[in-house]
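Pasted below: structure_6.txt, compact mmCIF, C-alpha atoms.
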```
# COMPACT_ATOMS: atom_id res chain seq x y z
CA MET A 1 26.61 -82.72 177.17
CA ARG A 2 29.47 -85.11 177.78
CA SER A 3 29.93 -87.20 180.86
CA TRP A 4 33.38 -87.82 182.33
CA PHE A 5 33.09 -91.31 180.89
CA VAL A 6 32.75 -89.90 177.38
CA VAL A 7 35.67 -87.53 177.88
CA ALA A 8 37.87 -90.38 179.13
CA LEU A 9 37.03 -92.50 176.09
CA LEU A 10 37.79 -89.63 173.75
CA LEU A 11 41.15 -89.05 175.39
CA LEU A 12 42.02 -92.74 175.16
CA LEU A 13 41.22 -92.82 171.46
CA ARG A 14 43.08 -89.62 170.63
CA PRO A 15 46.46 -90.39 169.07
CA ALA A 16 49.61 -88.32 169.44
CA PRO A 17 49.71 -85.28 167.14
CA ALA A 18 50.18 -86.42 163.57
CA PHE A 19 52.82 -84.80 161.42
CA ALA A 20 53.59 -85.39 157.78
CA GLN A 21 57.01 -84.71 156.38
CA ASP A 22 56.04 -81.15 155.39
CA GLY A 23 53.92 -80.31 158.45
CA PHE A 24 50.70 -81.29 160.15
CA ASP A 25 48.99 -84.40 158.79
CA PHE A 26 45.47 -83.11 158.15
CA GLU A 27 44.30 -86.33 156.51
CA THR A 28 45.11 -88.40 159.60
CA ALA A 29 43.54 -85.79 161.87
CA ARG A 30 40.39 -85.75 159.74
CA ALA A 31 40.09 -89.55 159.94
CA GLN A 32 40.45 -89.34 163.72
CA MET A 33 37.72 -86.69 163.84
CA VAL A 34 35.37 -89.10 162.08
CA ARG A 35 36.16 -91.85 164.61
CA VAL A 36 35.42 -89.48 167.49
CA ILE A 37 32.10 -88.52 165.90
CA GLN A 38 31.19 -92.21 165.69
CA LEU A 39 32.05 -92.68 169.35
CA GLU A 40 30.08 -89.63 170.46
CA ALA A 41 27.06 -90.84 168.52
CA TYR A 42 27.23 -94.15 170.37
CA VAL A 43 27.62 -92.70 173.86
CA THR A 44 24.88 -90.07 173.39
CA SER A 45 22.43 -92.44 171.71
CA GLU A 46 20.25 -92.85 174.80
CA VAL A 47 19.47 -89.13 174.57
CA THR A 48 19.43 -88.60 170.80
CA GLY A 49 18.07 -91.93 169.63
CA VAL A 50 20.86 -91.95 167.02
CA THR A 51 23.24 -94.87 167.50
CA GLU A 52 25.12 -94.39 164.24
CA ILE A 53 25.69 -91.38 162.02
CA ASP A 54 24.80 -92.03 158.37
CA ALA A 55 27.90 -93.42 156.64
CA ARG A 56 27.42 -90.91 153.81
CA VAL A 57 27.62 -88.05 156.32
CA LEU A 58 30.79 -89.49 157.84
CA ALA A 59 32.29 -89.89 154.37
CA ALA A 60 31.48 -86.27 153.54
CA MET A 61 33.02 -85.00 156.75
CA GLY A 62 36.01 -87.24 156.12
CA LYS A 63 36.52 -85.50 152.79
CA VAL A 64 35.85 -81.80 153.45
CA PRO A 65 39.10 -80.03 154.49
CA ARG A 66 37.83 -78.35 157.66
CA HIS A 67 41.20 -76.69 158.20
CA GLU A 68 40.52 -74.57 155.10
CA PHE A 69 37.52 -73.01 156.85
CA VAL A 70 39.39 -71.52 159.83
CA ALA A 71 42.21 -69.02 160.19
CA GLU A 72 45.66 -70.47 159.47
CA PRO A 73 46.85 -70.37 163.14
CA LEU A 74 43.87 -72.58 164.08
CA ALA A 75 44.27 -75.03 161.20
CA ARG A 76 45.95 -77.78 163.26
CA TYR A 77 43.01 -77.66 165.71
CA ALA A 78 40.37 -77.89 162.98
CA TYR A 79 39.69 -81.59 163.59
CA GLU A 80 39.34 -81.39 167.36
CA ASP A 81 35.77 -82.03 168.51
CA THR A 82 35.20 -78.45 169.58
CA PRO A 83 33.77 -75.24 168.13
CA LEU A 84 36.37 -72.89 166.67
CA PRO A 85 36.24 -69.10 166.36
CA ILE A 86 36.03 -67.45 162.96
CA ASP A 87 35.73 -63.79 161.97
CA PHE A 88 33.18 -61.36 163.43
CA GLU A 89 32.90 -63.26 166.73
CA GLN A 90 31.23 -66.23 165.04
CA ASN A 91 32.03 -69.90 165.63
CA LEU A 92 32.41 -73.00 163.51
CA THR A 93 30.12 -75.67 164.96
CA GLN A 94 31.59 -78.62 166.88
CA PRO A 95 32.10 -81.52 164.42
CA PHE A 96 29.86 -83.97 166.28
CA ILE A 97 26.98 -81.50 166.37
CA ALA A 98 27.52 -80.69 162.69
CA ALA A 99 27.44 -84.41 161.89
CA LEU A 100 24.34 -85.02 163.99
CA MET A 101 22.43 -82.13 162.43
CA THR A 102 23.38 -83.28 158.95
CA HIS A 103 22.36 -86.86 159.77
CA LEU A 104 18.98 -85.68 161.02
CA LEU A 105 18.31 -83.77 157.78
CA GLN A 106 18.38 -87.05 155.78
CA VAL A 107 19.73 -85.30 152.68
CA GLU A 108 19.71 -87.27 149.42
CA PRO A 109 21.66 -86.57 146.21
CA GLY A 110 19.86 -83.95 144.15
CA ASP A 111 18.01 -82.43 147.12
CA THR A 112 17.66 -78.67 147.37
CA VAL A 113 18.74 -77.50 150.83
CA PHE A 114 18.49 -74.11 152.52
CA GLU A 115 20.92 -73.13 155.28
CA THR A 116 21.00 -70.14 157.61
CA GLY A 117 24.31 -68.76 158.81
CA THR A 118 26.88 -69.58 156.12
CA ASP A 119 29.72 -68.48 158.46
CA SER A 120 32.94 -69.72 156.78
CA GLY A 121 31.10 -72.18 154.50
CA TYR A 122 32.04 -75.51 156.11
CA GLN A 123 28.53 -76.88 156.64
CA ALA A 124 27.53 -75.90 153.11
CA ALA A 125 30.53 -77.85 151.81
CA VAL A 126 29.45 -80.95 153.77
CA LEU A 127 25.94 -80.69 152.33
CA ALA A 128 27.37 -80.27 148.84
CA GLU A 129 29.48 -83.41 149.32
CA LEU A 130 26.19 -85.24 149.92
CA GLY A 131 25.05 -84.16 146.45
CA ALA A 132 22.75 -81.35 147.56
CA HIS A 133 22.10 -78.05 145.81
CA VAL A 134 22.75 -75.65 148.68
CA TYR A 135 21.37 -72.13 149.14
CA SER A 136 22.94 -70.40 152.12
CA VAL A 137 22.23 -66.98 153.67
CA GLU A 138 24.64 -65.14 155.97
CA VAL A 139 23.62 -61.96 157.79
CA ILE A 140 27.20 -60.59 157.96
CA GLU A 141 28.01 -59.42 154.44
CA PRO A 142 31.84 -59.76 154.61
CA LEU A 143 31.44 -63.34 155.91
CA ALA A 144 29.04 -64.16 153.08
CA GLN A 145 31.51 -62.80 150.54
CA SER A 146 34.54 -64.61 151.97
CA ALA A 147 32.58 -67.88 152.29
CA ALA A 148 31.46 -67.67 148.67
CA GLU A 149 35.04 -67.07 147.54
CA ARG A 150 36.36 -69.92 149.69
CA LEU A 151 33.75 -72.39 148.43
CA LYS A 152 34.52 -71.44 144.85
CA ARG A 153 38.27 -71.84 145.45
CA LEU A 154 37.68 -75.31 146.91
CA ASP A 155 35.47 -76.18 143.92
CA TYR A 156 32.15 -76.43 145.75
CA ARG A 157 30.23 -75.13 142.76
CA ASP A 158 26.79 -76.27 143.86
CA VAL A 159 26.56 -73.79 146.73
CA ALA A 160 25.00 -70.33 146.33
CA VAL A 161 25.61 -67.76 149.05
CA LYS A 162 24.04 -64.37 149.64
CA ALA A 163 24.02 -61.78 152.41
CA GLY A 164 20.71 -61.39 154.20
CA ASP A 165 18.50 -62.45 157.09
CA GLY A 166 18.16 -66.23 157.03
CA TYR A 167 14.95 -66.06 159.06
CA PHE A 168 13.10 -65.24 155.85
CA GLY A 169 14.75 -67.99 153.81
CA TRP A 170 15.44 -67.71 150.09
CA ALA A 171 12.02 -68.17 148.55
CA GLU A 172 13.11 -68.03 144.89
CA HIS A 173 14.79 -71.42 145.18
CA GLY A 174 12.21 -73.14 147.37
CA PRO A 175 10.39 -75.15 148.35
CA TYR A 176 13.24 -77.08 149.95
CA ASP A 177 13.83 -80.76 150.62
CA ALA A 178 15.63 -79.83 153.83
CA ILE A 179 16.33 -76.70 155.87
CA LEU A 180 19.16 -76.33 158.37
CA VAL A 181 19.05 -73.52 160.92
CA LYS A 182 22.44 -73.18 162.61
CA GLU A 183 21.45 -70.53 165.18
CA ALA A 184 18.98 -70.49 168.05
CA VAL A 185 15.43 -69.19 167.63
CA ASP A 186 12.87 -68.82 170.40
CA HIS A 187 10.05 -69.83 168.04
CA LEU A 188 9.68 -71.74 164.81
CA PRO A 189 10.29 -69.34 161.86
CA LEU A 190 7.07 -69.42 159.83
CA PRO A 191 8.73 -68.16 156.61
CA LEU A 192 10.99 -71.23 156.70
CA VAL A 193 8.10 -73.58 157.41
CA GLY A 194 6.40 -72.11 154.35
CA GLN A 195 9.46 -72.88 152.20
CA LEU A 196 9.69 -76.49 153.38
CA LYS A 197 8.27 -79.15 151.04
CA PRO A 198 5.61 -81.53 152.34
CA GLY A 199 7.40 -84.58 153.70
CA ALA A 200 10.61 -82.58 154.21
CA ARG A 201 12.62 -81.84 157.36
CA MET A 202 14.05 -78.86 159.15
CA VAL A 203 16.67 -79.12 161.90
CA VAL A 204 16.73 -76.12 164.23
CA PRO A 205 17.84 -75.23 167.79
CA ILE A 206 14.75 -73.85 169.56
CA GLY A 207 14.93 -72.00 172.86
CA PRO A 208 15.90 -68.72 174.52
CA ALA A 209 19.04 -66.92 173.39
CA THR A 210 20.45 -66.82 176.91
CA GLY A 211 19.47 -70.31 178.04
CA ALA A 212 19.39 -73.94 177.01
CA GLN A 213 17.86 -74.85 173.68
CA GLU A 214 16.67 -78.11 172.19
CA LEU A 215 17.98 -79.36 168.88
CA THR A 216 14.68 -80.08 167.17
CA VAL A 217 13.57 -81.92 164.02
CA ILE A 218 10.57 -80.39 162.26
CA GLU A 219 8.66 -82.62 159.85
CA LYS A 220 5.98 -81.18 157.59
CA ASP A 221 3.17 -83.40 156.33
CA ALA A 222 1.13 -83.15 153.11
CA GLN A 223 -1.47 -80.97 154.84
CA GLY A 224 1.13 -78.51 156.05
CA ASN A 225 1.03 -79.66 159.66
CA VAL A 226 4.33 -79.89 161.50
CA ARG A 227 5.58 -82.41 164.01
CA ARG A 228 8.40 -81.56 166.42
CA THR A 229 10.88 -84.07 167.78
CA ARG A 230 13.34 -82.92 170.42
CA VAL A 231 16.75 -84.52 170.05
CA LEU A 232 19.40 -82.99 172.29
CA PRO A 233 19.98 -80.01 174.64
CA VAL A 234 22.33 -77.55 172.92
CA ARG A 235 23.67 -74.01 173.20
CA PHE A 236 23.77 -71.93 170.02
CA ALA A 237 24.18 -68.21 169.43
CA PRO A 238 20.90 -66.50 168.46
CA LEU A 239 19.83 -66.05 164.84
CA GLN A 240 20.71 -62.48 163.96
CA GLY A 241 18.58 -60.23 161.80
CA GLY A 242 16.17 -57.33 161.64
CA ASP A 243 12.48 -56.73 162.24
CA ARG A 244 10.52 -60.00 162.23
CA THR A 245 7.06 -58.86 163.28
```
Could you write out this structure as structure tokens?
Amino acid sequence: MRSWFVVALLLLLRPAPAFAQDGFDFETARAQMVRVIQLEAYVTSEVTGVTEIDARVLAAMGKVPRHEFVAEPLARYAYEDTPLPIDFEQNLTQPFIAALMTHLLQVEPGDTVFETGTDSGYQAAVLAELGAHVYSVEVIEPLAQSAAERLKRLDYRDVAVKAGDGYFGWAEHGPYDAILVKEAVDHLPLPLVGQLKPGARMVVPIGPATGAQELTVIEKDAQGNVRRTRVLPVRFAPLQGGDRT
């Protein structure tokens, strides 16, 4: 996705490693992450149509302690603009992509949001910082349990997590003001479309599991019709689950 020009700019803006008196300075690193997100938004705007990430999204990402959502040996790398591995061969999404997807959702305080793929709980925390009521489903039961415990420990009380197949949503709490799908699907999941409110948005990577996908915004009108807007080529792992016929 990046050109050499983008990479060079990122390297120029990256400061020397920041250390506080008692160790790594996570606050400074987090502020730098936000600046890099702003830069990436600017240099990719011709493709995405997004010149600036919503200031509320940047503020949320500047507050959530991303280093708490990765294993301790990776904590000092948590604010690099790169995906990071977590348990069960899953990955924490690159910060810029997380910011862009959140921006595209247009979440408002009080909104009810559904998320697939809780992983370690970071994205749910960002959504909660925006004032959303978050319902998140994770197919790997131990990940769902650890994410729920982590979110509770960090005092993100407005996030509910359960183990299950996110393809089918969480109908009891719908319809939703926004739906975020954090894994690739080769078609639009109809159960999620059904749980999306009229006038609401879904952000989802659509495309083959082994090839390029398109980050796509789905908008549902009052008649239940959907409009698709392609935003950016991406590569996500496929949405895991069972029988969907």
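Across the model, the gap from atom CA of A:Tyr156 to atom CA of A:Asp87 is 20.9 Å.
Shortest separation to A:Phe168 among A:Leu84, A:Ala128, A:Leu239, A:Val57 occurs at residue A:Leu239, atoms counted being all atoms listed in the file.
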Point-to-point distance from atom CA of A:Tyr79 to atom CA of A:Ala163, Å rounded to tenths: 27.6 Å
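For A:Ile206, the non-local neighbours within 8 Å, defined as residues at least 3 positions apart in the same chain or in other chains and counting only C-alpha atoms, are A:Ala184, A:Val185, A:Asp186, A:His187, A:Leu188, A:Gln213, A:Glu214, A:Leu215, A:Thr216.
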Shell of 9 Å around A:Asp177, only C-alpha atoms, local chain residues under 5 positions omitted, as a PyMOL selection string: chain A and resi 105+107-108+111-114+196-202
Can I get the selection written as an mmCIF file, in the coordinates of the input, with C-alpha atoms?
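In the end it all went to out13.cif:
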```cif
data_model
loop_
_atom_site.group_PDB
_atom_site.id
_atom_site.type_symbol
_atom_site.label_atom_id
_atom_site.label_comp_id
_atom_site.auth_asym_id
_atom_site.auth_seq_id
_atom_site.Cartn_x
_atom_site.Cartn_y
_atom_site.Cartn_z
ATOM 1 C CA LEU A 105 18.310 -83.770 157.780
ATOM 2 C CA VAL A 107 19.730 -85.300 152.680
ATOM 3 C CA GLU A 108 19.710 -87.270 149.420
ATOM 4 C CA ASP A 111 18.010 -82.430 147.120
ATOM 5 C CA THR A 112 17.660 -78.670 147.370
ATOM 6 C CA VAL A 113 18.740 -77.500 150.830
ATOM 7 C CA PHE A 114 18.490 -74.110 152.520
ATOM 8 C CA LEU A 196 9.690 -76.490 153.380
ATOM 9 C CA LYS A 197 8.270 -79.150 151.040
ATOM 10 C CA PRO A 198 5.610 -81.530 152.340
ATOM 11 C CA GLY A 199 7.400 -84.580 153.700
ATOM 12 C CA ALA A 200 10.610 -82.580 154.210
ATOM 13 C CA ARG A 201 12.620 -81.840 157.360
ATOM 14 C CA MET A 202 14.050 -78.860 159.150
#
```
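Taking atom CA of A:Ala209 as the reference point, atom CA of A:Thr116 is found at 16.2 Å.
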Nearby residues, (42.4, -69.4, 163.7) file frame, 9 Å, all atoms listed in the file, as an MDAnalysis selection string: chainID A and resid 70:75 77:78 84:87
Determine, for each residue of stretch 51-112 of chain A having at least one atom at most 12 Å from an atom of stretch 222-236 of chain A, the closest pair of atoms and their separation in Å to one decimal, counting all atoms listed in the file; order by chain and ascending number, as a Markdown table.
```
| residue | atom | partner | partner_atom | distance |
| --- | --- | --- | --- | --- |
| A:Pro83 | CA | A:Phe236 | CA | 10.7 |
| A:Gln90 | CA | A:Phe236 | CA | 10.6 |
| A:Asn91 | CA | A:Phe236 | CA | 9.6 |
| A:Leu92 | CA | A:Phe236 | CA | 10.9 |
| A:Thr93 | CA | A:Phe236 | CA | 8.9 |
| A:Gln94 | CA | A:Phe236 | CA | 10.8 |
| A:Phe96 | CA | A:Val234 | CA | 11.9 |
| A:Ile97 | CA | A:Val234 | CA | 9.0 |
| A:Ala98 | CA | A:Val234 | CA | 11.9 |
| A:Leu100 | CA | A:Val231 | CA | 9.7 |
| A:Met101 | CA | A:Val231 | CA | 9.8 |
| A:His103 | CA | A:Val231 | CA | 11.9 |
| A:Leu104 | CA | A:Val231 | CA | 9.4 |
```
